[in-house]
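Student: First the structure, which I've put down as structure tokens, then a few questions once you've had a look.
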Amino acid sequence: MMFKLKATIIKDIRVLLRDKVGIALMFIMPIILVVVVTSIQNSTFQLISKNKLPILICNKDTGQAGMQLIKAIDKIGMFKVLKAGADQDEKLMADAMHQKDAMLGVVIPADFSAKVAAKSKNIAGKALKSFGLQGDSVKVGEVDPLNIYYNPVLQESMRLSVEGAVRSALQLVESRETLRSLYFSINEKQLPEKLENEMLNNNAAINEIPVSKEGVRTAPNSTQHNVPAWTIFAMFFVVISLGGSVVREKVSGSFIRLKTLPTNYMVGLVSKQVVYLGVTLLQAAVIFSMGIWLFPFIGLPALNLPSDLLALVVVTVLCGWCAVSYALCVGVFAQTHEQSNGFGAVSIVILSTIGGLMVPSFAMQGMFKSAADISPMHWAIQAYYSLFLEGGKLGDVVNNIIPLLLITLVLQFITFLGLRRKNLI
Amino acid sequence: MAVTTPLAIEVINLGFRYPGNPDAAFSNLNLKISKGERFGLFGPNGAGKTTLISLMTGLLSADEGHVKLLGREVGQNSNKVNRLFGFVPQDFSFYQELSPVENLQFFGAWSGLGRRTIRKRTEELLHILGLEEVKDKQVQKFSGGMKRRVNLAIGVIHNPAILFLDEPTVGVDVQTRHAIIDYLLELNKNGTTLVYTSHQLNEAEGLCRQVALIDNETIIARGDLNQLLKHYQEESLEHLFLRLTGKQYRNDV
């Protein structure tokens, strides 16, 4: 039996090595994907943290508040402020944004300072009255809204974060004005600059700390997120080569001849699993190695391997076995190459999407959140994230690898039933 | 006292019906093929030749009755039965990405041969079938005739006692056809029972001693070829075939 298995493994390796397109799909495509997606996400990260987002500001206001708002926006550190002439309307603003390659534009209305001052005076008056002191109470209208123009390609999350930043700058300007007004009403002199700065700039510092297990902290970055995700995607992409290989055997009539020989087809099935499990492990090794050694050379953060390497191997082997089982299942039920390749590729994209490889599962709602549980990729990525991002150990990923194993066994059983139904086992 | 020749194949009260196609069926079919025979199974497209061979080789399971190969019932202890016969399907049933040597190594192992025997048989077959020069080239680059020879070599690598051949010479040139037929005659001389189907009736006349004509899943004539020709007063198998099965088109759906 071992001789037959060895001969079959050698045959499967030879067939695989001569399938150039299959090899390209299994190795080159995922490598390109992981580099491109990591680079793009890294650029997005740097856009905010290093490169700064260009913002075009048209200040129609002639007072201090408009100037202070521009200063406050600049101080946030997230934007590169570009100034536009005061004569802009909506059309001119759009043209100016295109000319200056700005993704965002802000128009400060002409009476911004006057309205802010009046509003501040009113609030200060109300405050003084509540303290039992004499204060002016002036009736004022609302400050005209600031118009923020944005390029439609800007993602919603980015737009909301920009809006939050501008709102905080606006809050600062209004608070400053209220404080000055209050101080003047009580002391009848200007608020000293030093005191003003102390009162406005004494925010408590915010420390961002990634959640980790056992005190191991790995700063999350685009590499730590993308390399595990696209490794899983690559492993499941063996469906193109392996599914196609099974279909080819059926279509070419090799199955028929094999069935007339004194060897159980289980030998063939085991051989394919051994060979393609080897392929998935090689894929993982290649992509992880690239993350560790190649990424720093192309300006990307290096991949930090988890501290528990045994857990990493266990998760990778299980994920690879699940991917191979899925590919075999598709190959056994597909009638043609087109069915195998088409269904295989599309189903992998769907499973990876609902599994949280492309959109984080926590961002999904309702039905899609529940659907994630049936995707083996969901359990694989959760296990990898636990290891790569949270410093988890084998014990921490048991809850993820048990469902992954169960899905694998179900796929094996369905494959077995399919072969039995076709009288091939 | 008459000497009875041992049987290579015995089909006993065979009944078979394709699921979802109740019209195409065998019912109570009986057939005996002696050991060392050269037996031809002929019929129009869709007559049931391939179905009958599939039942004889265990690719399909009979609904009623049974088939015995050298006394062993097909479908029971299939590994032992499968060692007894070789099968050369009509399709190129091998790995086109592999070379003839690589295919023979793999199928030899699956046929239950050891490493040494595989090497020895591979050398012999490559020589006999004229594939030595291309033994390490991928089969997908071969002509149809060369692929037919590879198909045949795989079917006989384990020296089977019975060899089923489903149109083994379709689409090949005259030289290859002659080479294949000569080799089959040689095998038969050494004791291999041949069960052969083809639409090349001239070729079949030179190869087969016993024939069965099959139409609509029924054997309509069988026996010694010369005696059948004499009985029906026909000069060739082709004329006999047309006389018994008619000249109308057959649409095998």
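Here's how to read the names in the structure tokens: chain A, B, ... by the order shown, residue numbers from 1 in each chain, ligand numbers from 1 in the order shown.
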From a DSSP pass on the backbone, collect the residues of range 66-119 of chain A flagged as helix (DSSP H, G or I) and hand them back as a list of chain:residue names.

Tutor: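 Answer for range 66-119 of chain A restricted to helix (DSSP H, G or I) is A:Gly66, A:Met67, A:Gln68, A:Leu69, A:Ile70, A:Lys71, A:Ala72, A:Ile73, A:Asp74, A:Lys75, A:Ile76, A:Glu90, A:Lys91, A:Leu92, A:Met93, A:Ala94, A:Asp95, A:Ala96, A:Met97, A:His98, A:Gln99, A:Phe112, A:Ser113, A:Ala114, A:Lys115, A:Val116, A:Ala117, A:Ala118, A:Lys119.
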
Student: List as a VMD selection string the protein and nucleic acid residues near Thr62 in chain A, meaning an atom at most 8 Å away when only C-alpha atoms are counted, but skip any in the same chain fewer than 6 places from it.

Tutor: chain A and resid 110 to 111 113

Student: Identify which of the residues A:Asn122, A:Asn59, A:Asn201, A:Asn264 lies closest to chain B, counting only C-alpha atoms when measuring atom-to-atom distances.

Tutor: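 Closest to chain B, using only C-alpha atoms: A:Asn264.
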
Student: Using only C-alpha atoms, determine which residues of chain B fall within 7 Å of chain A; present them as JSON, numbers by chain.

Tutor: {"B": [57, 59, 79, 80, 82, 83, 91, 92, 93, 94, 97, 98, 106, 109, 110, 111, 112]}

Student: Residues of the last selection are to be written out with all heavy atoms, as a short mmCIF file (atom, residue, chain, number, x, y, z; two decimals), in the first residue's frame.

Tutor:
data_model
loop_
_atom_site.label_atom_id
_atom_site.label_comp_id
_atom_site.auth_asym_id
_atom_site.auth_seq_id
_atom_site.Cartn_x
_atom_site.Cartn_y
_atom_site.Cartn_z
N THR B 57 -16.65 -5.44 -16.39
CA THR B 57 -15.45 -4.97 -15.68
C THR B 57 -15.79 -4.39 -14.31
O THR B 57 -14.88 -3.91 -13.61
CB THR B 57 -14.73 -3.88 -16.51
OG1 THR B 57 -15.67 -2.88 -16.87
CG2 THR B 57 -14.11 -4.46 -17.76
N LEU B 59 -17.48 -1.70 -13.68
CA LEU B 59 -17.67 -0.24 -13.66
C LEU B 59 -19.14 0.09 -13.38
O LEU B 59 -19.46 1.13 -12.82
CB LEU B 59 -17.25 0.38 -15.00
CG LEU B 59 -15.74 0.45 -15.23
CD1 LEU B 59 -15.44 0.81 -16.67
CD2 LEU B 59 -15.11 1.46 -14.29
N ASN B 79 -10.80 -6.15 -5.68
CA ASN B 79 -9.36 -6.04 -5.93
C ASN B 79 -8.80 -7.32 -6.55
O ASN B 79 -7.97 -7.26 -7.46
CB ASN B 79 -8.60 -5.72 -4.64
CG ASN B 79 -8.61 -4.23 -4.36
OD1 ASN B 79 -9.16 -3.45 -5.15
ND2 ASN B 79 -8.03 -3.82 -3.25
N LYS B 80 -9.28 -8.48 -6.07
CA LYS B 80 -8.80 -9.76 -6.62
C LYS B 80 -9.30 -9.93 -8.06
O LYS B 80 -8.56 -10.40 -8.93
CB LYS B 80 -9.25 -10.94 -5.75
CG LYS B 80 -8.39 -11.09 -4.52
CD LYS B 80 -8.68 -12.36 -3.78
CE LYS B 80 -7.73 -12.46 -2.58
NZ LYS B 80 -8.14 -13.48 -1.65
N ASN B 82 -10.14 -7.50 -10.10
CA ASN B 82 -9.52 -6.48 -10.96
C ASN B 82 -8.10 -6.85 -11.41
O ASN B 82 -7.62 -6.33 -12.41
CB ASN B 82 -9.49 -5.13 -10.24
CG ASN B 82 -10.88 -4.52 -10.13
OD1 ASN B 82 -11.84 -5.09 -10.65
ND2 ASN B 82 -10.99 -3.38 -9.47
N ARG B 83 -7.45 -7.73 -10.65
CA ARG B 83 -6.11 -8.18 -11.07
C ARG B 83 -6.18 -9.07 -12.31
O ARG B 83 -5.20 -9.25 -13.01
CB ARG B 83 -5.46 -9.00 -9.95
CG ARG B 83 -4.85 -8.19 -8.86
CD ARG B 83 -4.27 -9.10 -7.79
NE ARG B 83 -4.27 -8.45 -6.50
CZ ARG B 83 -3.33 -7.60 -6.11
NH1 ARG B 83 -2.32 -7.35 -6.89
NH2 ARG B 83 -3.39 -7.03 -4.92
N ASP B 91 -11.52 6.20 -24.63
CA ASP B 91 -10.88 7.50 -24.37
C ASP B 91 -9.42 7.28 -23.96
O ASP B 91 -9.06 6.20 -23.50
CB ASP B 91 -11.60 8.23 -23.24
CG ASP B 91 -13.03 8.59 -23.63
OD1 ASP B 91 -13.25 8.90 -24.82
OD2 ASP B 91 -13.91 8.52 -22.75
N PHE B 92 -8.63 8.34 -24.13
CA PHE B 92 -7.24 8.26 -23.66
C PHE B 92 -7.27 8.39 -22.14
O PHE B 92 -7.32 9.50 -21.60
CB PHE B 92 -6.40 9.38 -24.28
CG PHE B 92 -6.30 9.28 -25.78
CD1 PHE B 92 -6.60 10.36 -26.58
CD2 PHE B 92 -5.88 8.11 -26.38
CE1 PHE B 92 -6.50 10.28 -27.96
CE2 PHE B 92 -5.78 8.01 -27.77
CZ PHE B 92 -6.10 9.10 -28.55
N SER B 93 -7.25 7.27 -21.48
CA SER B 93 -7.43 7.28 -20.02
C SER B 93 -6.10 7.20 -19.32
O SER B 93 -5.72 6.17 -18.77
CB SER B 93 -8.32 6.11 -19.63
OG SER B 93 -9.54 6.21 -20.31
N PHE B 94 -5.39 8.30 -19.37
CA PHE B 94 -4.10 8.40 -18.67
C PHE B 94 -3.82 9.87 -18.46
O PHE B 94 -4.65 10.72 -18.79
CB PHE B 94 -2.98 7.70 -19.47
CG PHE B 94 -2.95 8.06 -20.93
CD1 PHE B 94 -2.49 9.30 -21.35
CD2 PHE B 94 -3.40 7.17 -21.89
CE1 PHE B 94 -2.46 9.64 -22.69
CE2 PHE B 94 -3.39 7.50 -23.23
CZ PHE B 94 -2.91 8.74 -23.63
N GLU B 97 -0.19 14.95 -19.03
CA GLU B 97 0.95 15.79 -18.60
C GLU B 97 2.19 14.93 -18.36
O GLU B 97 3.30 15.46 -18.26
CB GLU B 97 0.65 16.51 -17.28
CG GLU B 97 -0.63 17.31 -17.25
CD GLU B 97 -1.83 16.48 -16.78
OE1 GLU B 97 -1.84 15.25 -17.02
OE2 GLU B 97 -2.75 17.06 -16.21
N LEU B 98 1.99 13.62 -18.22
CA LEU B 98 3.12 12.73 -17.91
C LEU B 98 3.66 12.07 -19.18
O LEU B 98 2.99 12.03 -20.22
CB LEU B 98 2.67 11.65 -16.93
CG LEU B 98 2.09 12.11 -15.59
CD1 LEU B 98 1.77 10.91 -14.71
CD2 LEU B 98 3.04 13.05 -14.86
N PHE B 106 3.13 4.74 -12.76
CA PHE B 106 1.99 4.97 -11.87
C PHE B 106 0.95 3.86 -12.01
O PHE B 106 0.53 3.25 -11.02
CB PHE B 106 1.37 6.34 -12.17
CG PHE B 106 0.03 6.52 -11.51
CD1 PHE B 106 -0.07 6.62 -10.13
CD2 PHE B 106 -1.14 6.56 -12.25
CE1 PHE B 106 -1.30 6.76 -9.50
CE2 PHE B 106 -2.37 6.69 -11.64
CZ PHE B 106 -2.45 6.80 -10.26
N ALA B 109 2.00 0.53 -10.60
CA ALA B 109 1.86 0.44 -9.14
C ALA B 109 0.40 0.19 -8.76
O ALA B 109 0.11 -0.65 -7.90
CB ALA B 109 2.36 1.74 -8.50
N TRP B 110 -0.51 0.87 -9.42
CA TRP B 110 -1.95 0.69 -9.11
C TRP B 110 -2.45 -0.68 -9.58
O TRP B 110 -3.48 -1.15 -9.10
CB TRP B 110 -2.78 1.81 -9.75
CG TRP B 110 -2.88 3.01 -8.85
CD1 TRP B 110 -1.84 3.70 -8.33
CD2 TRP B 110 -4.07 3.62 -8.33
NE1 TRP B 110 -2.30 4.72 -7.53
CE2 TRP B 110 -3.68 4.69 -7.52
CE3 TRP B 110 -5.43 3.38 -8.50
CZ2 TRP B 110 -4.59 5.52 -6.86
CZ3 TRP B 110 -6.34 4.22 -7.84
CH2 TRP B 110 -5.92 5.26 -7.03
N SER B 111 -1.71 -1.30 -10.51
CA SER B 111 -2.11 -2.64 -10.95
C SER B 111 -1.56 -3.71 -10.03
O SER B 111 -1.75 -4.90 -10.26
CB SER B 111 -1.58 -2.89 -12.38
OG SER B 111 -2.11 -1.93 -13.25
N GLY B 112 -0.83 -3.29 -9.01
CA GLY B 112 -0.35 -4.23 -8.00
C GLY B 112 1.03 -4.78 -8.29
O GLY B 112 1.45 -5.76 -7.67
#

Student: Report as JSON, numbers by chain all protein, DNA and RNA residues lying within 10 Å of Ser198 in chain B, evaluated on only C-alpha atoms, omitting residues in the same chain fewer than 4 positions from it.

Tutor: {"B": [40, 41, 42, 43, 44, 49, 90, 165, 166, 167, 168, 169, 170, 202, 203, 204]}

Student: Set the distance at 12 Å and use only C-alpha atoms: which residues neighbour Glu73 in chain B once local chain neighbours fewer than 5 positions away are removed? I'd like the list as a PyMOL selection string.

Tutor: chain B and resi 8-12+55-58+61-62+65-68+78-82+84

Student: List the spatial neighbours of range 145-149 of chain A as a list of chain:residue names - criterion: any atom at most 9 Å away, only C-alpha atoms, same-chain residues fewer than 4 positions off excluded.

Tutor: A:Glu90, A:Met93, A:Ala94, A:Met97, A:Met103, A:Leu104, A:Gly105, A:Val106, A:Val107, A:Ile108, A:Pro109, A:Phe112, A:Glu163

Student: With C-alpha atoms retained, export the selected residues as a compact mmCIF listing (two decimals), in the first residue's frame.

Tutor:
# COMPACT_ATOMS: atom_id res chain seq x y z
CA GLU A 90 -19.24 76.09 -4.92
CA MET A 93 -14.19 75.67 -4.90
CA ALA A 94 -14.51 72.36 -6.79
CA MET A 97 -9.74 71.54 -5.17
CA MET A 103 -9.42 65.96 -1.20
CA LEU A 104 -11.23 68.39 1.10
CA GLY A 105 -12.36 71.99 1.11
CA VAL A 106 -13.75 74.19 3.89
CA VAL A 107 -15.54 77.53 3.38
CA ILE A 108 -15.63 79.82 6.43
CA PRO A 109 -18.64 82.16 6.08
CA PHE A 112 -18.17 83.82 11.11
CA GLU A 163 -15.55 65.96 10.14

Student: Within 12 Å of range 216-239 of chain B, which residues of range 5-57 of chain B show up? Give each one with its shortest atom-to-atom distance in Å (one decimal) and the two atoms involved, counting only C-alpha atoms, rows by chain then rising residue number, as a tab-separated table.

Tutor:
residue	atom	partner	partner_atom	distance
B:Leu14	CA	B:Glu217	CA	11.1
B:Gly15	CA	B:Glu217	CA	10.3
B:Phe16	CA	B:Glu217	CA	9.7
B:Arg17	CA	B:Glu217	CA	10.2
B:Tyr18	CA	B:Glu217	CA	11.7
B:Pro22	CA	B:Glu217	CA	11.9
B:Asp23	CA	B:Asn216	CA	9.3
B:Ala24	CA	B:Glu217	CA	7.0
B:Ala25	CA	B:Glu217	CA	6.1
B:Phe26	CA	B:Glu217	CA	5.4
B:Ser27	CA	B:Thr218	CA	8.1
B:Asn28	CA	B:Thr218	CA	9.5
B:Leu29	CA	B:Thr218	CA	7.6
B:Asn30	CA	B:Ile219	CA	9.0
B:Leu31	CA	B:Ile219	CA	9.0
B:Lys32	CA	B:Gly223	CA	10.3
B:Ile33	CA	B:Gly223	CA	10.1
B:Ser34	CA	B:Gly223	CA	11.7
B:Glu37	CA	B:Asp224	CA	10.7
B:Arg38	CA	B:Asp224	CA	10.4
B:Phe39	CA	B:Asp224	CA	9.3
B:Gly40	CA	B:Leu225	CA	9.2
B:Leu41	CA	B:Arg222	CA	9.1
B:Phe42	CA	B:Ile219	CA	9.6
B:Gly43	CA	B:Asn216	CA	8.9
B:Pro44	CA	B:Asn216	CA	8.9
B:Asn45	CA	B:Asn216	CA	9.8
B:Gly46	CA	B:Asn216	CA	7.6
B:Ala47	CA	B:Asn216	CA	4.9
B:Gly48	CA	B:Glu217	CA	5.1
B:Lys49	CA	B:Glu217	CA	8.0
B:Thr50	CA	B:Glu217	CA	10.5
B:Thr51	CA	B:Glu217	CA	8.9
B:Leu52	CA	B:Glu217	CA	8.5

Student: Would you kindly return, as a list of chain:residue names, each protein, DNA or RNA residue with an atom no farther than 10 Å from any atom of Gly130 in chain B, considering only C-alpha atoms and excluding same-chain residues fewer than 6 positions away?

Tutor: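 So, after excluding close chain neighbours, the residues are B:Glu124, B:Met146, B:Arg149, B:Val150, B:Thr176, B:Ala179.
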
Student: For Gly145 in chain B, which residue among B:Glu205, B:Glu102, B:Glu123, B:Asp173 is the nearest when counting only C-alpha atoms?

Tutor: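 Nearest to Gly145 in chain B: B:Asp173.
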
Student: Quote the spacing between CA of Ile23 in chain A and CA of Lys141 in chain B in Å to one decimal place.

Tutor: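 Separating CA of Ile23 in chain A from CA of Lys141 in chain B is a distance of 20.7 Å.
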
Student: Residues at most 12 Å from range 174-187 of chain A, counting only C-alpha atoms, excluding those fewer than 5 positions away in the same chain, as a count of residues only?

Tutor: 44

Student: Just list as a list in words whatever in range 125-247 of chain B DSSP marks as strand (DSSP E or B).

Tutor: Ile162, Leu163, Phe164, Leu165, Asp166, Thr193, Leu194, Val195, Tyr196, Thr197, Gln210, Val211, Ala212, Leu213, Ile214, Asp215, Thr218, Ile219, Ile220, Ala221, Arg222, Gly223 and Asp224 of chain B

Student: Just write the chosen residues, C-alpha atoms, as a PDB file, in the first residue's frame.

Tutor:
ATOM      1  CA  ILE B 162      -8.442 -11.130 -19.898  1.00  0.00           C
ATOM      2  CA  LEU B 163      -8.152  -7.940 -21.905  1.00  0.00           C
ATOM      3  CA  PHE B 164     -11.162  -5.732 -22.660  1.00  0.00           C
ATOM      4  CA  LEU B 165     -10.612  -3.394 -25.621  1.00  0.00           C
ATOM      5  CA  ASP B 166     -13.139  -0.674 -26.425  1.00  0.00           C
ATOM      6  CA  THR B 193      -8.462 -13.750 -23.671  1.00  0.00           C
ATOM      7  CA  LEU B 194      -9.460 -10.766 -25.812  1.00  0.00           C
ATOM      8  CA  VAL B 195     -12.850  -9.060 -25.668  1.00  0.00           C
ATOM      9  CA  TYR B 196     -12.940  -6.473 -28.380  1.00  0.00           C
ATOM     10  CA  THR B 197     -15.451  -3.902 -29.631  1.00  0.00           C
ATOM     11  CA  GLN B 210     -16.054 -15.653 -31.984  1.00  0.00           C
ATOM     12  CA  VAL B 211     -18.458 -12.716 -32.318  1.00  0.00           C
ATOM     13  CA  ALA B 212     -21.704 -11.434 -30.858  1.00  0.00           C
ATOM     14  CA  LEU B 213     -23.891  -8.883 -32.591  1.00  0.00           C
ATOM     15  CA  ILE B 214     -25.810  -6.712 -30.193  1.00  0.00           C
ATOM     16  CA  ASP B 215     -28.672  -4.309 -30.873  1.00  0.00           C
ATOM     17  CA  THR B 218     -30.113  -7.733 -26.980  1.00  0.00           C
ATOM     18  CA  ILE B 219     -27.684 -10.219 -28.485  1.00  0.00           C
ATOM     19  CA  ILE B 220     -29.149 -10.887 -31.925  1.00  0.00           C
ATOM     20  CA  ALA B 221     -26.491 -13.337 -33.179  1.00  0.00           C
ATOM     21  CA  ARG B 222     -23.464 -15.027 -31.723  1.00  0.00           C
ATOM     22  CA  GLY B 223     -21.069 -17.839 -32.494  1.00  0.00           C
ATOM     23  CA  ASP B 224     -18.055 -18.696 -34.598  1.00  0.00           C
TER      24      ASP B 224
END
